[in-house]
Amino acid sequence: MAGRRCIPPEHRSNGWAVRDYRIPASGKQQERGSNAAMEKGIFAGLQVLDCASFIAAPAAATVLSDFGADVIKIEPPGAGDPYRNLPNLPGYPTSEHNFAWLLEARNKKSLALDLSKPEAQAVLYKLVEETDVFITNMPPPVRTKLGITYDHLAHLNDRLIYASFTGYGEKGEEANKPGFDSNAYWARSGLMDLVRADTNTTPARSVAGMGDHPCAMALYSAIVTALYQREKTGKGSHVASNLMANGVWAASVLAQAKLCGAKFGERRPRERAPNAVGNHYQCKDGRWLILSLLSEDKQWPTLAKCLGREDLIADPRFATKPDRHARSIELIKIFDETFATRDLAEWRKILDGNGLVFGIVGILDDIPNDKQMLDNEVLVPFENDTMLTISSPIWIDGTKKVQPRKPPGVGEHSDEILRGAGYDEAAIKQLRSKGAVG
């Protein structure tokens, strides 16, 4: 390919990062995998085109950017990616910051292209020649209309990883059906029904991005797997994932039980749950915690003592695990009364101090000051700012993630990217005059 040369197989060393050289438009040869590059992230030098929106596909590009990939966000001129307007939809929190865009578009550069115009398509094709990963979640008919299907792009660069994401998969009668987190992931998979409080309550609504972000990790893993395959074969490939498949995967323990013909019992409300030591309870201050005592026989006496109810240890009603399960409704009532006597912080100290497994039912107000999240860099500051963002949930020893950078404005880097692709000022001006570039 123009502007690219590859190390012959006989001279390649182990590890994908050192196997490919790129010659940018400036003519400066740059080796991926060098010490300097690795300091910038494991994917330093990897070029990604993010031609996607709402939410899983661009979030996969964000994860690549966290590890140093150069991500160019392709968005329409003018208003840009419609996802920029998510916080303006009814029901979303109000903020002076575009919190959705901060999360999904960090680290990226913006190139505004009107892909309905042939001139813009030509720009995209020129970029694809030097691109490692192309990501899209546009419906298949739209990809065809805009000239960005796998067949349109693969012949331009035989090392291209084309990553596509859909609502319901790319085969079958629903292949072209629009899908979102709420319907294709949450509802279609059975999760919406499964997490309802009990049989008599309505199905439970999901929250924004609840399925999209796990799906992003699936698409990210597909891309990384394809990059590994490329190092073995020298060839790129088409990888795909979808909301429906990820939703069923999330529900797969019970879905597999159904596939095995299992019989399911009644979904019982919390007050009638079948296991009192795997249930959730409200504390005096209104906060909740959930017990998760898998080693029930061993930990039952300790729990009784923590609750100040040593009398329960010798109570014949609860002497054995089968007894406790058979009388779970009675035990839950006792626990409800007991947990209601202290605040969550007190119970947390008591249960933690005795090695019992439980979890607090967190609320959003907890997150900004959660020490465990801060200590583990789940929450990290933006570059040159005190504002925090949420890091992708992967860490690799010896490799630093880049410090998050604020997201770009619409077309903020258009000129820079076009110049890097070899366009001079006159050519850029002409593209703008035709409305191909913003």
# chains A, B, ... in the order shown; residues from 1 in each chain; ligands from 1
call {"tool": "residues_around", "arguments": {"residues": "A:Val410", "least_positions_apart": "6", "cutoff": "12 Å", "atoms": "only C-alpha atoms", "output": "PyMOL selection string"}}
result
chain A and resi 72-84+101+105+108-113+437-438
call {"tool": "select_by_dssp", "arguments": {"residues": "stretch 213-312 of chain A", "states": "alpha helix (DSSP H)", "output": "PyMOL selection string"}}
result
chain A and resi 213-233+243-250+252-259+296-306
call {"tool": "closest_residue", "arguments": {"among": "A:Pro368, A:Gly45, A:Pro274, A:Gly286", "to": "A:Ile329", "atoms": "only C-alpha atoms"}}
result
A:Pro274
call {"tool": "residues_around", "arguments": {"residues": "stretch 346-363 of chain A", "least_positions_apart": "5", "cutoff": "7 Å", "atoms": "only C-alpha atoms", "output": "VMD selection string"}}
result
chain A and resid 288 to 293 306
call {"tool": "write_last_selection", "arguments": {"atoms": "C-alpha atoms", "output": "PDB file, in the first residue's frame"}}
result
ATOM      1  CA  TRP A 288     -29.371  -0.642  51.320  1.00  0.00           C
ATOM      2  CA  LEU A 289     -26.861  -3.477  51.448  1.00  0.00           C
ATOM      3  CA  ILE A 290     -26.907  -6.957  49.984  1.00  0.00           C
ATOM      4  CA  LEU A 291     -25.634 -10.107  51.694  1.00  0.00           C
ATOM      5  CA  SER A 292     -23.788 -12.689  49.581  1.00  0.00           C
ATOM      6  CA  LEU A 293     -22.888 -15.524  51.976  1.00  0.00           C
ATOM      7  CA  CYS A 306     -22.698  -9.405  63.951  1.00  0.00           C
TER       8      CYS A 306
END
call {"tool": "closest_residue", "arguments": {"among": "A:Arg327, A:Lys235, A:Arg419, A:Lys263", "to": "A:Ala276", "atoms": "only C-alpha atoms"}}
result
A:Arg327
call {"tool": "atom_distance", "arguments": {"atom1": "atom CA of A:Thr399", "atom2": "atom CA of A:Asn369"}}
result
26.0 Å
call {"tool": "residues_around", "arguments": {"residues": "A:Pro381", "least_positions_apart": "6", "cutoff": "8 Å", "atoms": "only C-alpha atoms", "output": "compact mmCIF listing (two decimals) with N, CA, C and O atoms, in the first residue's frame"}}
result
# COMPACT_ATOMS: atom_id res chain seq x y z
N MET A 387 -11.56 17.82 36.61
CA MET A 387 -12.75 17.03 36.33
C MET A 387 -12.38 15.57 36.11
O MET A 387 -11.41 15.26 35.40
N LEU A 388 -13.16 14.67 36.70
CA LEU A 388 -12.89 13.24 36.57
C LEU A 388 -13.71 12.63 35.44
O LEU A 388 -14.77 13.12 35.08
N THR A 389 -13.19 11.55 34.89
CA THR A 389 -13.94 10.73 33.95
C THR A 389 -13.73 9.27 34.32
O THR A 389 -12.94 8.95 35.21
N GLN A 403 -3.42 9.97 29.55
CA GLN A 403 -4.31 10.77 30.38
C GLN A 403 -5.40 11.32 29.50
O GLN A 403 -5.13 11.87 28.43
N PRO A 404 -6.66 11.16 29.90
CA PRO A 404 -7.76 11.57 29.03
C PRO A 404 -7.68 13.04 28.62
O PRO A 404 -7.39 13.90 29.44
call {"tool": "residues_around", "arguments": {"residues": "A:Asp50", "least_positions_apart": "3", "cutoff": "8 Å", "atoms": "only C-alpha atoms", "output": "list in words"}}
result
Ala57, Pro58, Ala61, Val71, Ile72, Lys73, Ile74, Phe134, Ile135 and Thr136 of chain A
call {"tool": "decode", "arguments": {"residues": "stretch 295-307 of chain A", "atoms": "all heavy atoms", "output": "PDB file, in the first residue's frame"}}
result
ATOM      1  N   SER A 295     -20.704 -19.299  51.630  1.00  0.00           N
ATOM      2  CA  SER A 295     -20.293 -20.298  52.640  1.00  0.00           C
ATOM      3  C   SER A 295     -21.227 -20.159  53.843  1.00  0.00           C
ATOM      4  O   SER A 295     -20.818 -19.811  54.949  1.00  0.00           O
ATOM      5  CB  SER A 295     -18.831 -20.074  53.046  1.00  0.00           C
ATOM      6  OG  SER A 295     -17.979 -20.142  51.928  1.00  0.00           O
ATOM      7  N   GLU A 296     -22.477 -20.456  53.614  1.00  0.00           N
ATOM      8  CA  GLU A 296     -23.501 -20.149  54.601  1.00  0.00           C
ATOM      9  C   GLU A 296     -23.324 -20.917  55.903  1.00  0.00           C
ATOM     10  O   GLU A 296     -23.418 -20.340  56.996  1.00  0.00           O
ATOM     11  CB  GLU A 296     -24.882 -20.442  54.010  1.00  0.00           C
ATOM     12  CG  GLU A 296     -26.032 -20.113  54.936  1.00  0.00           C
ATOM     13  CD  GLU A 296     -27.381 -20.358  54.290  1.00  0.00           C
ATOM     14  OE1 GLU A 296     -27.460 -20.366  53.049  1.00  0.00           O
ATOM     15  OE2 GLU A 296     -28.360 -20.557  55.041  1.00  0.00           O
ATOM     16  N   ASP A 297     -23.062 -22.240  55.819  1.00  0.00           N
ATOM     17  CA  ASP A 297     -22.926 -23.034  57.049  1.00  0.00           C
ATOM     18  C   ASP A 297     -21.790 -22.517  57.926  1.00  0.00           C
ATOM     19  O   ASP A 297     -21.908 -22.441  59.160  1.00  0.00           O
ATOM     20  CB  ASP A 297     -22.687 -24.507  56.694  1.00  0.00           C
ATOM     21  CG  ASP A 297     -23.964 -25.210  56.264  1.00  0.00           C
ATOM     22  OD1 ASP A 297     -25.047 -24.792  56.716  1.00  0.00           O
ATOM     23  OD2 ASP A 297     -23.876 -26.157  55.464  1.00  0.00           O
ATOM     24  N   LYS A 298     -20.690 -22.143  57.295  1.00  0.00           N
ATOM     25  CA  LYS A 298     -19.527 -21.665  58.034  1.00  0.00           C
ATOM     26  C   LYS A 298     -19.757 -20.275  58.619  1.00  0.00           C
ATOM     27  O   LYS A 298     -19.321 -19.968  59.733  1.00  0.00           O
ATOM     28  CB  LYS A 298     -18.306 -21.656  57.100  1.00  0.00           C
ATOM     29  CG  LYS A 298     -17.029 -21.171  57.751  1.00  0.00           C
ATOM     30  CD  LYS A 298     -15.882 -21.177  56.746  1.00  0.00           C
ATOM     31  CE  LYS A 298     -14.598 -20.657  57.374  1.00  0.00           C
ATOM     32  NZ  LYS A 298     -13.475 -20.632  56.392  1.00  0.00           N
ATOM     33  N   GLN A 299     -20.447 -19.418  57.873  1.00  0.00           N
ATOM     34  CA  GLN A 299     -20.557 -18.013  58.263  1.00  0.00           C
ATOM     35  C   GLN A 299     -21.842 -17.661  59.011  1.00  0.00           C
ATOM     36  O   GLN A 299     -21.978 -16.548  59.514  1.00  0.00           O
ATOM     37  CB  GLN A 299     -20.426 -17.129  57.016  1.00  0.00           C
ATOM     38  CG  GLN A 299     -19.045 -17.226  56.360  1.00  0.00           C
ATOM     39  CD  GLN A 299     -18.901 -16.292  55.172  1.00  0.00           C
ATOM     40  OE1 GLN A 299     -19.773 -16.227  54.316  1.00  0.00           O
ATOM     41  NE2 GLN A 299     -17.786 -15.577  55.106  1.00  0.00           N
ATOM     42  N   TRP A 300     -22.769 -18.597  59.094  1.00  0.00           N
ATOM     43  CA  TRP A 300     -24.026 -18.319  59.781  1.00  0.00           C
ATOM     44  C   TRP A 300     -23.830 -17.862  61.233  1.00  0.00           C
ATOM     45  O   TRP A 300     -24.400 -16.841  61.636  1.00  0.00           O
ATOM     46  CB  TRP A 300     -24.938 -19.544  59.712  1.00  0.00           C
ATOM     47  CG  TRP A 300     -26.118 -19.492  60.623  1.00  0.00           C
ATOM     48  CD1 TRP A 300     -26.376 -20.302  61.689  1.00  0.00           C
ATOM     49  CD2 TRP A 300     -27.204 -18.557  60.576  1.00  0.00           C
ATOM     50  NE1 TRP A 300     -27.543 -19.944  62.313  1.00  0.00           N
ATOM     51  CE2 TRP A 300     -28.077 -18.870  61.644  1.00  0.00           C
ATOM     52  CE3 TRP A 300     -27.523 -17.489  59.748  1.00  0.00           C
ATOM     53  CZ2 TRP A 300     -29.236 -18.161  61.899  1.00  0.00           C
ATOM     54  CZ3 TRP A 300     -28.684 -16.782  59.995  1.00  0.00           C
ATOM     55  CH2 TRP A 300     -29.527 -17.115  61.062  1.00  0.00           C
ATOM     56  N   PRO A 301     -23.009 -18.544  62.024  1.00  0.00           N
ATOM     57  CA  PRO A 301     -22.818 -18.072  63.405  1.00  0.00           C
ATOM     58  C   PRO A 301     -22.219 -16.669  63.476  1.00  0.00           C
ATOM     59  O   PRO A 301     -22.606 -15.861  64.324  1.00  0.00           O
ATOM     60  CB  PRO A 301     -21.875 -19.116  64.020  1.00  0.00           C
ATOM     61  CG  PRO A 301     -22.053 -20.339  63.178  1.00  0.00           C
ATOM     62  CD  PRO A 301     -22.289 -19.823  61.798  1.00  0.00           C
ATOM     63  N   THR A 302     -21.271 -16.381  62.568  1.00  0.00           N
ATOM     64  CA  THR A 302     -20.647 -15.058  62.559  1.00  0.00           C
ATOM     65  C   THR A 302     -21.675 -13.985  62.220  1.00  0.00           C
ATOM     66  O   THR A 302     -21.701 -12.909  62.850  1.00  0.00           O
ATOM     67  CB  THR A 302     -19.491 -15.017  61.538  1.00  0.00           C
ATOM     68  OG1 THR A 302     -18.562 -16.063  61.838  1.00  0.00           O
ATOM     69  CG2 THR A 302     -18.779 -13.678  61.575  1.00  0.00           C
ATOM     70  N   LEU A 303     -22.523 -14.251  61.247  1.00  0.00           N
ATOM     71  CA  LEU A 303     -23.550 -13.293  60.884  1.00  0.00           C
ATOM     72  C   LEU A 303     -24.499 -13.029  62.052  1.00  0.00           C
ATOM     73  O   LEU A 303     -24.821 -11.874  62.354  1.00  0.00           O
ATOM     74  CB  LEU A 303     -24.336 -13.793  59.674  1.00  0.00           C
ATOM     75  CG  LEU A 303     -25.513 -12.908  59.222  1.00  0.00           C
ATOM     76  CD1 LEU A 303     -25.030 -11.521  58.817  1.00  0.00           C
ATOM     77  CD2 LEU A 303     -26.275 -13.572  58.079  1.00  0.00           C
ATOM     78  N   ALA A 304     -24.913 -14.095  62.718  1.00  0.00           N
ATOM     79  CA  ALA A 304     -25.831 -13.935  63.853  1.00  0.00           C
ATOM     80  C   ALA A 304     -25.209 -13.059  64.936  1.00  0.00           C
ATOM     81  O   ALA A 304     -25.881 -12.187  65.522  1.00  0.00           O
ATOM     82  CB  ALA A 304     -26.209 -15.307  64.408  1.00  0.00           C
ATOM     83  N   LYS A 305     -23.919 -13.259  65.196  1.00  0.00           N
ATOM     84  CA  LYS A 305     -23.231 -12.458  66.203  1.00  0.00           C
ATOM     85  C   LYS A 305     -23.118 -11.000  65.757  1.00  0.00           C
ATOM     86  O   LYS A 305     -23.283 -10.072  66.568  1.00  0.00           O
ATOM     87  CB  LYS A 305     -21.849 -13.042  66.483  1.00  0.00           C
ATOM     88  CG  LYS A 305     -21.885 -14.394  67.193  1.00  0.00           C
ATOM     89  CD  LYS A 305     -20.485 -14.980  67.334  1.00  0.00           C
ATOM     90  CE  LYS A 305     -20.540 -16.358  67.998  1.00  0.00           C
ATOM     91  NZ  LYS A 305     -19.194 -16.996  68.078  1.00  0.00           N
ATOM     92  N   CYS A 306     -22.797 -10.779  64.470  1.00  0.00           N
ATOM     93  CA  CYS A 306     -22.698  -9.405  63.951  1.00  0.00           C
ATOM     94  C   CYS A 306     -24.021  -8.666  64.108  1.00  0.00           C
ATOM     95  O   CYS A 306     -24.043  -7.452  64.369  1.00  0.00           O
ATOM     96  CB  CYS A 306     -22.296  -9.432  62.476  1.00  0.00           C
ATOM     97  SG  CYS A 306     -20.567  -9.842  62.179  1.00  0.00           S
ATOM     98  N   LEU A 307     -25.099  -9.383  63.964  1.00  0.00           N
ATOM     99  CA  LEU A 307     -26.419  -8.763  64.063  1.00  0.00           C
ATOM    100  C   LEU A 307     -26.888  -8.624  65.501  1.00  0.00           C
ATOM    101  O   LEU A 307     -27.964  -8.073  65.757  1.00  0.00           O
ATOM    102  CB  LEU A 307     -27.440  -9.586  63.271  1.00  0.00           C
ATOM    103  CG  LEU A 307     -27.194  -9.705  61.764  1.00  0.00           C
ATOM    104  CD1 LEU A 307     -28.284 -10.548  61.111  1.00  0.00           C
ATOM    105  CD2 LEU A 307     -27.119  -8.342  61.096  1.00  0.00           C
TER     106      LEU A 307
END
